[in-house]
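Engineer: Below you'll find work-v4.pdb; it's PDB, C-alpha atoms.
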ATOM      1  CA  MET A  30      20.829  -8.570  -8.593
ATOM      2  CA  LYS A  31      18.170 -10.025 -10.895
ATOM      3  CA  GLN A  32      14.570  -9.182 -11.713
ATOM      4  CA  LYS A  33      11.890 -11.589 -12.880
ATOM      5  CA  ARG A  34       8.423 -10.769 -14.192
ATOM      6  CA  ILE A  35       5.835 -12.901 -12.401
ATOM      7  CA  VAL A  36       2.250 -13.753 -13.306
ATOM      8  CA  PHE A  37       0.169 -15.267 -10.508
ATOM      9  CA  ASP A  38      -3.486 -15.963  -9.796
ATOM     10  CA  SER A  39      -5.736 -14.204  -7.306
ATOM     11  CA  ASP A  40      -9.315 -15.492  -7.230
ATOM     12  CA  GLY A  41      -9.220 -16.074 -10.979
ATOM     13  CA  TYR A  42      -7.569 -12.736 -11.811
ATOM     14  CA  ARG A  43      -4.188 -12.631 -13.548
ATOM     15  CA  LEU A  44      -1.886 -10.418 -11.508
ATOM     16  CA  VAL A  45       1.562  -9.247 -12.578
ATOM     17  CA  GLY A  46       4.532  -8.516 -10.358
ATOM     18  CA  ILE A  47       8.289  -8.068 -10.384
ATOM     19  CA  LEU A  48      10.460 -10.220  -8.119
ATOM     20  CA  HIS A  49      13.759  -8.531  -7.242
ATOM     21  CA  MET A  50      16.383 -11.095  -6.177
ATOM     22  CA  PRO A  51      19.694 -10.256  -4.496
ATOM     23  CA  ASP A  52      22.972 -11.786  -5.604
ATOM     24  CA  LYS A  53      23.123 -14.207  -2.675
ATOM     25  CA  PRO A  54      20.241 -16.610  -1.829
ATOM     26  CA  THR A  55      17.967 -15.505   1.002
ATOM     27  CA  ASP A  56      14.784 -16.613   2.714
ATOM     28  CA  LYS A  57      13.842 -12.997   3.482
ATOM     29  CA  VAL A  58      11.453 -11.028   1.271
ATOM     30  CA  ILE A  59       9.599  -7.725   1.442
ATOM     31  CA  VAL A  60       6.192  -7.703  -0.269
ATOM     32  CA  MET A  61       5.249  -4.215  -1.445
ATOM     33  CA  ALA A  62       1.647  -2.933  -1.628
ATOM     34  CA  HIS A  63       1.095   0.181  -3.765
ATOM     35  CA  GLY A  64      -1.441   2.968  -3.307
ATOM     36  CA  PHE A  65      -4.897   3.749  -4.670
ATOM     37  CA  THR A  66      -5.212   3.470  -8.497
ATOM     38  CA  VAL A  67      -1.441   3.635  -9.051
ATOM     39  CA  THR A  68       0.967   0.789  -9.915
ATOM     40  CA  LYS A  69       3.730  -1.411  -8.583
ATOM     41  CA  ASP A  70       6.272   1.266  -9.618
ATOM     42  CA  GLU A  71       4.839   3.993  -7.323
ATOM     43  CA  ALA A  72       6.297   6.601  -9.708
ATOM     44  CA  GLY A  73       9.679   4.890  -9.408
ATOM     45  CA  LEU A  74       9.861   4.982  -5.610
ATOM     46  CA  PHE A  75       9.064   1.279  -5.215
ATOM     47  CA  VAL A  76      11.660   0.391  -7.857
ATOM     48  CA  ARG A  77      14.378   2.320  -6.044
ATOM     49  CA  ALA A  78      13.326   0.896  -2.672
ATOM     50  CA  ALA A  79      13.318  -2.670  -4.037
ATOM     51  CA  ASN A  80      16.833  -2.157  -5.388
ATOM     52  CA  ALA A  81      17.937  -0.858  -1.968
ATOM     53  CA  PHE A  82      16.433  -3.941  -0.320
ATOM     54  CA  ASN A  83      18.362  -6.163  -2.750
ATOM     55  CA  GLU A  84      21.607  -4.357  -1.941
ATOM     56  CA  ASN A  85      21.005  -5.227   1.709
ATOM     57  CA  GLY A  86      20.451  -8.898   0.940
ATOM     58  CA  TRP A  87      16.654  -9.155   0.903
ATOM     59  CA  ALA A  88      14.380 -10.102  -1.954
ATOM     60  CA  ALA A  89      11.492  -7.772  -2.821
ATOM     61  CA  PHE A  90       8.206  -8.431  -4.596
ATOM     62  CA  ARG A  91       6.146  -5.542  -5.947
ATOM     63  CA  PHE A  92       2.947  -6.267  -7.852
ATOM     64  CA  ASP A  93      -0.092  -4.616  -9.401
ATOM     65  CA  PHE A  94      -3.398  -5.069  -7.591
ATOM     66  CA  ARG A  95      -6.253  -6.179  -9.856
ATOM     67  CA  GLY A  96      -7.411  -3.360 -12.113
ATOM     68  CA  CYS A  97      -4.073  -1.531 -11.820
ATOM     69  CA  GLY A  98      -1.037  -1.467 -14.076
ATOM     70  CA  GLU A  99      -0.521  -4.792 -15.831
ATOM     71  CA  SER A 100      -3.078  -6.675 -13.714
ATOM     72  CA  LYS A 101      -6.162  -6.637 -15.893
ATOM     73  CA  ALA A 102      -9.610  -6.224 -14.327
ATOM     74  CA  ASP A 103     -12.261  -3.527 -14.041
ATOM     75  CA  PHE A 104     -11.343  -1.272 -11.154
ATOM     76  CA  LYS A 105     -15.041  -0.817 -10.318
ATOM     77  CA  ASP A 106     -14.955  -4.250  -8.663
ATOM     78  CA  THR A 107     -12.009  -3.340  -6.438
ATOM     79  CA  THR A 108     -12.552  -3.168  -2.679
ATOM     80  CA  VAL A 109     -10.383  -3.233   0.425
ATOM     81  CA  GLU A 110     -11.273  -6.911   0.721
ATOM     82  CA  THR A 111     -10.269  -7.761  -2.866
ATOM     83  CA  GLU A 112      -6.943  -5.948  -2.499
ATOM     84  CA  ALA A 113      -6.312  -7.798   0.772
ATOM     85  CA  ALA A 114      -7.009 -11.044  -1.091
ATOM     86  CA  ASP A 115      -4.514 -10.005  -3.794
ATOM     87  CA  LEU A 116      -1.933  -9.222  -1.110
ATOM     88  CA  ASN A 117      -2.357 -12.584   0.539
ATOM     89  CA  HIS A 118      -2.055 -14.387  -2.789
ATOM     90  CA  ALA A 119       1.179 -12.454  -3.379
ATOM     91  CA  ILE A 120       2.387 -13.663   0.021
ATOM     92  CA  GLU A 121       1.425 -17.229  -0.874
ATOM     93  CA  PHE A 122       3.413 -16.883  -4.100
ATOM     94  CA  VAL A 123       6.629 -15.797  -2.355
ATOM     95  CA  GLU A 124       6.197 -18.677   0.084
ATOM     96  CA  THR A 125       6.222 -21.089  -2.876
ATOM     97  CA  GLN A 126       9.585 -19.564  -3.850
ATOM     98  CA  GLY A 127      11.134 -20.543  -0.518
ATOM     99  CA  TYR A 128      10.828 -17.219   1.301
ATOM    100  CA  LYS A 129      10.052 -17.905   4.960
ATOM    101  CA  ASN A 130      10.680 -14.531   6.599
ATOM    102  CA  ILE A 131       8.199 -12.046   5.175
ATOM    103  CA  GLY A 132       7.938  -8.311   5.705
ATOM    104  CA  LEU A 133       5.317  -5.965   4.294
ATOM    105  CA  LEU A 134       5.704  -2.472   2.920
ATOM    106  CA  GLY A 135       2.462  -0.586   2.304
ATOM    107  CA  ALA A 136       2.157   2.885   0.762
ATOM    108  CA  SER A 137      -0.919   5.097   1.276
ATOM    109  CA  PHE A 138      -4.025   2.967   0.553
ATOM    110  CA  GLY A 139      -1.660  -0.006   0.382
ATOM    111  CA  GLY A 140      -1.059   0.631   4.075
ATOM    112  CA  ALA A 141      -4.762   0.168   4.783
ATOM    113  CA  VAL A 142      -4.674  -3.061   2.764
ATOM    114  CA  CYS A 143      -1.687  -4.334   4.772
ATOM    115  CA  ILE A 144      -3.534  -3.550   8.004
ATOM    116  CA  TYR A 145      -6.750  -5.229   6.868
ATOM    117  CA  GLY A 146      -4.997  -8.239   5.314
ATOM    118  CA  TRP A 147      -2.352  -8.784   8.001
ATOM    119  CA  SER A 148      -1.724 -12.329   9.202
ATOM    120  CA  PRO A 149       0.576 -13.735  11.935
ATOM    121  CA  LYS A 150       2.961 -15.078   9.269
ATOM    122  CA  ILE A 151       4.137 -11.474   8.728
ATOM    123  CA  ARG A 152       7.255 -10.737  10.780
ATOM    124  CA  THR A 153       7.207  -6.958  10.464
ATOM    125  CA  MET A 154       5.616  -4.063   8.541
ATOM    126  CA  VAL A 155       6.657  -0.633   7.353
ATOM    127  CA  LEU A 156       3.826   1.726   6.359
ATOM    128  CA  TRP A 157       4.442   4.862   4.292
ATOM    129  CA  ASN A 158       1.869   7.669   4.654
ATOM    130  CA  PRO A 159      -0.738   4.982   5.339
ATOM    131  CA  VAL A 160      -4.502   5.371   5.317
ATOM    132  CA  THR A 161      -5.781   4.371   8.750
ATOM    133  CA  ASP A 162      -9.138   6.188   8.553
ATOM    134  CA  LEU A 163     -10.976   5.435   5.309
ATOM    135  CA  TYR A 164     -13.832   7.861   5.936
ATOM    136  CA  GLU A 165     -11.586  10.796   6.724
ATOM    137  CA  THR A 166      -9.333  10.143   3.736
ATOM    138  CA  PHE A 167     -11.768   9.283   0.970
ATOM    139  CA  VAL A 168     -15.092  10.809   1.995
ATOM    140  CA  ASP A 169     -14.388  13.779   4.231
ATOM    141  CA  LEU A 170     -11.144  15.353   3.003
ATOM    142  CA  SER A 171     -11.352  18.065   0.383
ATOM    143  CA  TRP A 172      -8.404  16.773  -1.673
ATOM    144  CA  PHE A 173     -10.500  13.753  -2.702
ATOM    145  CA  ARG A 174     -14.124  14.755  -2.336
ATOM    146  CA  HIS A 175     -13.924  18.193  -3.928
ATOM    147  CA  LYS A 176     -10.857  18.070  -6.184
ATOM    148  CA  THR A 177     -10.938  14.531  -7.550
ATOM    149  CA  LEU A 178     -14.351  13.205  -6.610
ATOM    150  CA  THR A 179     -16.855  15.975  -7.372
ATOM    151  CA  ALA A 180     -20.352  16.432  -5.971
ATOM    152  CA  GLU A 181     -21.688  15.134  -9.294
ATOM    153  CA  ASN A 182     -19.526  12.009  -8.961
ATOM    154  CA  ILE A 183     -20.858  11.420  -5.469
ATOM    155  CA  ARG A 184     -24.491  11.764  -6.595
ATOM    156  CA  GLU A 185     -23.815   9.347  -9.430
ATOM    157  CA  ILE A 186     -22.224   6.697  -7.267
ATOM    158  CA  GLU A 187     -24.985   7.007  -4.686
ATOM    159  CA  THR A 188     -27.704   6.543  -7.339
ATOM    160  CA  THR A 189     -26.205   4.249  -9.999
ATOM    161  CA  GLY A 190     -23.471   2.588  -7.974
ATOM    162  CA  LEU A 191     -20.715   3.623 -10.376
ATOM    163  CA  THR A 192     -18.800   6.754 -11.333
ATOM    164  CA  MET A 193     -15.822   7.459 -13.577
ATOM    165  CA  ILE A 194     -12.927   9.574 -12.316
ATOM    166  CA  THR A 195     -10.413  11.306 -14.558
ATOM    167  CA  LYS A 196      -7.016  11.779 -12.907
ATOM    168  CA  LYS A 197      -4.682  14.707 -13.516
ATOM    169  CA  ASP A 198      -2.584  12.584 -15.887
ATOM    170  CA  GLY A 199      -5.667  11.923 -18.043
ATOM    171  CA  SER A 200      -6.136   8.293 -17.000
ATOM    172  CA  LYS A 201      -9.614   7.163 -16.027
ATOM    173  CA  PHE A 202     -10.967   4.633 -13.560
ATOM    174  CA  ASN A 203     -14.347   3.596 -12.181
ATOM    175  CA  ILE A 204     -15.254   3.645  -8.511
ATOM    176  CA  GLY A 205     -17.903   1.104  -7.602
ATOM    177  CA  LYS A 206     -20.555   1.138  -4.915
ATOM    178  CA  LYS A 207     -18.873  -1.531  -2.782
ATOM    179  CA  ILE A 208     -15.650   0.340  -2.159
ATOM    180  CA  TRP A 209     -17.558   3.590  -1.622
ATOM    181  CA  GLU A 210     -19.564   1.881   1.116
ATOM    182  CA  GLU A 211     -16.319   0.597   2.636
ATOM    183  CA  PHE A 212     -14.944   4.139   2.660
ATOM    184  CA  LYS A 213     -18.033   5.292   4.541
ATOM    185  CA  THR A 214     -18.413   2.467   7.038
ATOM    186  CA  MET A 215     -15.297   0.299   7.398
ATOM    187  CA  LYS A 216     -13.297   0.935  10.566
ATOM    188  CA  LEU A 217      -9.663  -0.163  10.608
ATOM    189  CA  ASP A 218      -9.284   0.238  14.382
ATOM    190  CA  LYS A 219     -10.092  -3.375  15.236
ATOM    191  CA  HIS A 220      -7.779  -4.634  12.519
ATOM    192  CA  MET A 221      -4.907  -2.516  13.850
ATOM    193  CA  LYS A 222      -5.460  -3.776  17.387
ATOM    194  CA  ARG A 223      -4.987  -7.405  16.326
ATOM    195  CA  ILE A 224      -1.569  -6.777  14.726
ATOM    196  CA  THR A 225       1.286  -8.112  16.854
ATOM    197  CA  CYS A 226       4.346  -7.647  14.640
ATOM    198  CA  PRO A 227       6.701  -4.657  14.973
ATOM    199  CA  THR A 228       5.344  -1.894  12.730
ATOM    200  CA  LEU A 229       6.985   1.333  11.615
ATOM    201  CA  PHE A 230       4.945   4.321  10.417
ATOM    202  CA  LEU A 231       6.690   6.892   8.219
ATOM    203  CA  HIS A 232       4.584   9.950   7.434
ATOM    204  CA  GLY A 233       5.247  13.397   5.971
ATOM    205  CA  ASP A 234       4.033  16.264   8.132
ATOM    206  CA  LYS A 235       3.016  18.272   5.025
ATOM    207  CA  ASP A 236       0.874  15.491   3.567
ATOM    208  CA  THR A 237      -2.281  16.994   2.018
ATOM    209  CA  LYS A 238      -3.813  13.670   0.939
ATOM    210  CA  VAL A 239      -3.546  11.563   4.079
ATOM    211  CA  PRO A 240      -2.916  13.971   6.961
ATOM    212  CA  PHE A 241      -0.046  13.349   9.354
ATOM    213  CA  SER A 242      -2.517  13.862  12.205
ATOM    214  CA  GLN A 243      -4.350  10.698  11.128
ATOM    215  CA  THR A 244      -1.284   8.526  11.667
ATOM    216  CA  GLU A 245      -0.339  10.458  14.807
ATOM    217  CA  ARG A 246      -3.788   9.687  16.197
ATOM    218  CA  ASN A 247      -3.934   6.022  15.228
ATOM    219  CA  TYR A 248      -0.487   4.431  15.091
ATOM    220  CA  LYS A 249      -0.508   3.364  18.755
ATOM    221  CA  LEU A 250      -3.490   1.098  18.049
ATOM    222  CA  ILE A 251      -0.752  -1.331  17.010
ATOM    223  CA  LYS A 252       0.980  -2.114  20.293
ATOM    224  CA  ASN A 253       4.491  -2.694  18.981
ATOM    225  CA  SER A 254       4.726   0.367  16.743
ATOM    226  CA  GLU A 255       6.781   3.499  16.164
ATOM    227  CA  LEU A 256       6.120   6.706  14.229
ATOM    228  CA  VAL A 257       8.763   8.715  12.407
ATOM    229  CA  LYS A 258       7.747  12.138  11.115
ATOM    230  CA  ILE A 259       9.300  13.086   7.778
ATOM    231  CA  GLU A 260       9.517  16.844   8.163
ATOM    232  CA  GLY A 261       8.507  18.989   5.204
ATOM    233  CA  SER A 262       7.387  16.012   3.109
ATOM    234  CA  GLU A 263       4.236  15.739   1.016
ATOM    235  CA  HIS A 264       2.378  12.544   0.151
ATOM    236  CA  GLY A 265       4.698  10.261  -1.811
ATOM    237  CA  PHE A 266       7.876  11.684  -0.242
ATOM    238  CA  HIS A 267       8.784  13.739  -3.307
ATOM    239  CA  GLY A 268      12.356  14.974  -3.427
ATOM    240  CA  ASP A 269      15.677  13.240  -2.945
ATOM    241  CA  ALA A 270      16.106  14.240   0.707
ATOM    242  CA  SER A 271      12.697  12.929   1.861
ATOM    243  CA  GLU A 272      13.025   9.771  -0.210
ATOM    244  CA  LYS A 273      16.444   9.014   1.266
ATOM    245  CA  LYS A 274      15.146   9.485   4.816
ATOM    246  CA  VAL A 275      12.245   7.116   4.163
ATOM    247  CA  ILE A 276      14.293   4.396   2.478
ATOM    248  CA  ASP A 277      17.067   4.625   5.083
ATOM    249  CA  ALA A 278      14.558   4.379   7.951
ATOM    250  CA  SER A 279      12.877   1.405   6.268
ATOM    251  CA  LEU A 280      16.228  -0.339   5.794
ATOM    252  CA  ALA A 281      17.120   0.171   9.451
ATOM    253  CA  TRP A 282      13.763  -1.242  10.540
ATOM    254  CA  PHE A 283      13.982  -4.324   8.342
ATOM    255  CA  ARG A 284      17.563  -4.976   9.481
ATOM    256  CA  LYS A 285      16.299  -5.015  13.060
ATOM    257  CA  TYR A 286      13.132  -7.077  12.630
ATOM    258  CA  LEU A 287      13.365  -9.122   9.424
TER     259      LEU A 287
END
The structure in this file should be written as structure tokens.
Structural biologist:
Amino acid sequence: MKQKRIVFDSDGYRLVGILHMPDKPTDKVIVMAHGFTVTKDEAGLFVRAANAFNENGWAAFRFDFRGCGESKADFKDTTVETEAADLNHAIEFVETQGYKNIGLLGASFGGAVCIYGWSPKIRTMVLWNPVTDLYETFVDLSWFRHKTLTAENIREIETTGLTMITKKDGSKFNIGKKIWEEFKTMKLDKHMKRITCPTLFLHGDKDTKVPFSQTERNYKLIKNSELVKIEGSEHGFHGDASEKKVIDASLAWFRKYL
């Protein structure tokens, strides 16, 4: 197995990704979309999943959305639409490398981006703890509004159009007015209804960031879909047992549909 650092363009932004290539040539690739304000590593989970995909004969491409990780930009300009554009430019890149059979893997907010940016060229999707209701997740739920995004932050973004958030690890990022308006008004229902490829939802029933009930309520909006509950798992599938269940289920799905 080999890895190659990739730099590609998305609307004038320089994005960075890692292409994982199996030992034998393949035309099958899984493009991986990370969550909100994190990176292409997803705390190591995406790295381990990409290696598992390689071991099963598929290529994998994980990349940083603009304003995240190695992809330089100001996060204040990030929106669902810009991340969908980044995703589609990543797909265009893997097509230039000869990959014809493309699967998507979206984690958390990356799941919302996969839903919004889906195109018929995608053969199948696997979504991990995905956001399917932007308002519920980012505006209404206490984990975000009251623990990360304070009342003062909300007043600031509503008046000046910009607020800075400090994460638990000490890193900082700006939330701009455009994405805040998307959180409040954008509905993903119509985007889910247009998806025709087989789609697997994997969601922890102890998720306190994106509730399991959200996926349970919405996954059937995609006609050809299945939901697997990961019992006892928090957001991010922490712990070896949960991680193994999620990666194994993803492998089984991609073997069937990719």
Engineer: Could you expand the PyMOL selection byres ((chain A and resi 61-70) around 9) into the explicit residues it covers here, written as number ranges by chain?
Structural biologist: A: 46-47, 59-60, 71-77, 79, 89-94, 96-99, 104, 116, 132-140, 142-143, 159, 202
Engineer: If the PyMOL selection byres ((chain A and resi 254) around 6) were run on this exact file, what residues would it hold? Put them as a ChimeraX atom specification.
Structural biologist: /A:227-229,251-253,255
Engineer: Would you mind reading off the distance between CA of Leu191 (chain A) and CA of Gly205 (chain A), one decimal, in Å?
Structural biologist: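 Distance reported for this atom pair: 4.7 Å.
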Engineer: For the structure provided, state which residues fall under the PyMOL selection byres ((chain A and resi 37) around 10), and present them as a ChimeraX atom specification.
Structural biologist: /A:35-36,38-39,41-46,92,100,115,118-119,121-122
Engineer: When distances are computed from all atoms listed in the file, which of A:Asp218, A:Glu187, A:Glu124, A:Glu181 shows the smallest separation from Ala141 (chain A)?
Structural biologist: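 Of all the options, A:Asp218 lies closest to Ala141 (chain A).
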Engineer: Given the choices A:Phe212, A:Trp87, A:Tyr286, A:Phe241, which gets closest to Glu263 (chain A) if the distance is worked out from only C-alpha atoms?
Structural biologist: A:Phe241
Engineer: Go through A:Lys129, A:His220, A:Lys196, A:His264 and flag the residue nearest Gly146 (chain A), using all atoms listed in the file for the distances.
Structural biologist: A:His220
Engineer: Enter the distance from CA of Trp209 (chain A) to CA of Thr192 (chain A), in Å, rounded to one decimal.
Structural biologist: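 Those two atoms sit 10.3 Å apart.
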Engineer: Determine the nearest neighbour of Glu185 (chain A) from the options A:Gln32, A:Thr55, A:Asn80, A:Asn203, counting all atoms listed in the file.
Structural biologist: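 Nearest to Glu185 (chain A): A:Asn203.
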Engineer: Please list as a CSV table (one decimal) with C-alpha atoms, in the frame of the given file every residue within 7 Å of Pro51 (chain A), counting only C-alpha atoms and excluding residues in the same chain fewer than 3 positions away.
Structural biologist:
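Heads up, here's the output in selection_32.csv:
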chain,number,residue,atom,x,y,z
A,30,MET,CA,20.8,-8.6,-8.6
A,31,LYS,CA,18.2,-10.0,-10.9
A,54,PRO,CA,20.2,-16.6,-1.8
A,83,ASN,CA,18.4,-6.2,-2.8
A,84,GLU,CA,21.6,-4.4,-1.9
A,86,GLY,CA,20.5,-8.9,0.9
A,87,TRP,CA,16.7,-9.2,0.9
A,88,ALA,CA,14.4,-10.1,-2.0
Engineer: So which residues touch region 276-285 of chain A within 8 Å, counting all atoms listed in the file, skipping near sequence neighbours fewer than 5 positions away, as JSON, numbers by chain?
Structural biologist: {"A": [78, 81, 82, 85, 132, 153, 155, 229]}
Engineer: Would you output that residue set with C-alpha atoms, as a short mmCIF file (atom, residue, chain, number, x, y, z; two decimals), in the coordinates of the input?
Structural biologist:
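Result saved to selection_38.cif:
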data_model
loop_
_atom_site.label_atom_id
_atom_site.label_comp_id
_atom_site.auth_asym_id
_atom_site.auth_seq_id
_atom_site.Cartn_x
_atom_site.Cartn_y
_atom_site.Cartn_z
CA ALA A 78 13.33 0.90 -2.67
CA ALA A 81 17.94 -0.86 -1.97
CA PHE A 82 16.43 -3.94 -0.32
CA ASN A 85 21.00 -5.23 1.71
CA GLY A 132 7.94 -8.31 5.70
CA THR A 153 7.21 -6.96 10.46
CA VAL A 155 6.66 -0.63 7.35
CA LEU A 229 6.98 1.33 11.62
#
Engineer: In Å, with one decimal, what is the gap from CA of Ile120 (chain A) to CA of Lys258 (chain A)?
Structural biologist: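 Calculated distance between CA of Ile120 (chain A) and CA of Lys258 (chain A) is 28.6 Å.
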Engineer: For each of A:Asp56, A:Glu245, A:Asp169, A:Asp103, take the minimum atom-to-atom distance to Gly233 (chain A), counting all atoms listed in the file, then give the residue where this is smallest.
Structural biologist: A:Glu245
Engineer: Hey, could you pull the box centre and edge lengths for region 139-158 of chain A, axis-aligned, 4 Å padding per side, all listed atoms, to one decimal in Å, as JSON?
Structural biologist:
{"center_x": 0.3, "center_y": -3.7, "center_z": 6.2, "size_x": 22.0, "size_y": 30.7, "size_z": 19.6}
Engineer: Residues near His232 (chain A), anyone? I mean within 8 Å using all atoms listed in the file, not counting same-chain ones fewer than 5 positions away, as JSON, numbers by chain.
Structural biologist: {"A": [157, 158, 159, 241, 244, 256, 257, 258, 259, 262]}
Engineer: As a CSV table (one decimal) with C-alpha atoms, in the frame of the given file, please: the residues near Lys197 (chain A) (cut-off 12 Å, only C-alpha atoms, same-chain neighbours under 3 positions excluded).
Structural biologist:
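This is the output file result.csv:
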chain,number,residue,atom,x,y,z
A,176,LYS,CA,-10.9,18.1,-6.2
A,177,THR,CA,-10.9,14.5,-7.6
A,178,LEU,CA,-14.4,13.2,-6.6
A,194,ILE,CA,-12.9,9.6,-12.3
A,200,SER,CA,-6.1,8.3,-17.0
A,201,LYS,CA,-9.6,7.2,-16.0
A,202,PHE,CA,-11.0,4.6,-13.6
Engineer: Choose the residue, out of A:Lys274, A:Arg184, A:Arg95, A:Lys53, that has the smallest atom-to-atom separation from Glu260 (chain A); count all atoms listed in the file.
Structural biologist: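 With all atoms listed in the file as the atom set, the closest residue is A:Lys274.
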Engineer: How would region 261-283 of chain A read, as a short mmCIF file (atom, residue, chain, number, x, y, z; two decimals), in the coordinates of the input, once N, CA and C atoms are built in?
Structural biologist:
data_model
loop_
_atom_site.label_atom_id
_atom_site.label_comp_id
_atom_site.auth_asym_id
_atom_site.auth_seq_id
_atom_site.Cartn_x
_atom_site.Cartn_y
_atom_site.Cartn_z
N GLY A 261 8.56 18.27 6.47
CA GLY A 261 8.51 18.99 5.20
C GLY A 261 8.08 18.15 4.01
N SER A 262 7.67 16.91 4.23
CA SER A 262 7.39 16.01 3.11
C SER A 262 5.90 15.92 2.80
N GLU A 263 5.59 15.95 1.52
CA GLU A 263 4.24 15.74 1.02
C GLU A 263 3.96 14.24 0.87
N HIS A 264 2.75 13.92 0.43
CA HIS A 264 2.38 12.54 0.15
C HIS A 264 3.26 12.00 -0.98
N GLY A 265 3.83 10.83 -0.79
CA GLY A 265 4.70 10.26 -1.81
C GLY A 265 6.16 10.56 -1.61
N PHE A 266 6.49 11.38 -0.59
CA PHE A 266 7.88 11.68 -0.24
C PHE A 266 8.68 12.20 -1.44
N HIS A 267 8.11 13.19 -2.14
CA HIS A 267 8.78 13.74 -3.31
C HIS A 267 10.05 14.48 -2.91
N GLY A 268 11.08 14.31 -3.70
CA GLY A 268 12.36 14.97 -3.43
C GLY A 268 13.38 14.00 -2.89
N ASP A 269 14.62 14.17 -3.30
CA ASP A 269 15.68 13.24 -2.94
C ASP A 269 15.89 13.13 -1.44
N ALA A 270 15.82 14.26 -0.73
CA ALA A 270 16.11 14.24 0.71
C ALA A 270 15.06 13.43 1.47
N SER A 271 13.76 13.67 1.18
CA SER A 271 12.70 12.93 1.86
C SER A 271 12.75 11.45 1.50
N GLU A 272 12.97 11.17 0.22
CA GLU A 272 13.02 9.77 -0.21
C GLU A 272 14.16 9.03 0.49
N LYS A 273 15.31 9.66 0.60
CA LYS A 273 16.44 9.01 1.27
C LYS A 273 16.13 8.74 2.73
N LYS A 274 15.51 9.69 3.42
CA LYS A 274 15.15 9.48 4.82
C LYS A 274 14.22 8.28 4.97
N VAL A 275 13.24 8.19 4.07
CA VAL A 275 12.24 7.12 4.16
C VAL A 275 12.88 5.76 3.87
N ILE A 276 13.67 5.67 2.82
CA ILE A 276 14.29 4.40 2.48
C ILE A 276 15.30 3.99 3.55
N ASP A 277 16.09 4.94 4.04
CA ASP A 277 17.07 4.62 5.08
C ASP A 277 16.38 4.13 6.36
N ALA A 278 15.28 4.80 6.74
CA ALA A 278 14.56 4.38 7.95
C ALA A 278 13.95 3.00 7.76
N SER A 279 13.45 2.73 6.57
CA SER A 279 12.88 1.40 6.27
C SER A 279 13.95 0.33 6.33
N LEU A 280 15.11 0.62 5.75
CA LEU A 280 16.23 -0.34 5.79
C LEU A 280 16.62 -0.65 7.23
N ALA A 281 16.73 0.37 8.06
CA ALA A 281 17.12 0.17 9.45
C ALA A 281 16.10 -0.70 10.19
N TRP A 282 14.82 -0.46 9.89
CA TRP A 282 13.76 -1.24 10.54
C TRP A 282 13.82 -2.70 10.11
N PHE A 283 13.94 -2.95 8.82
CA PHE A 283 13.98 -4.32 8.34
C PHE A 283 15.24 -5.04 8.81
#
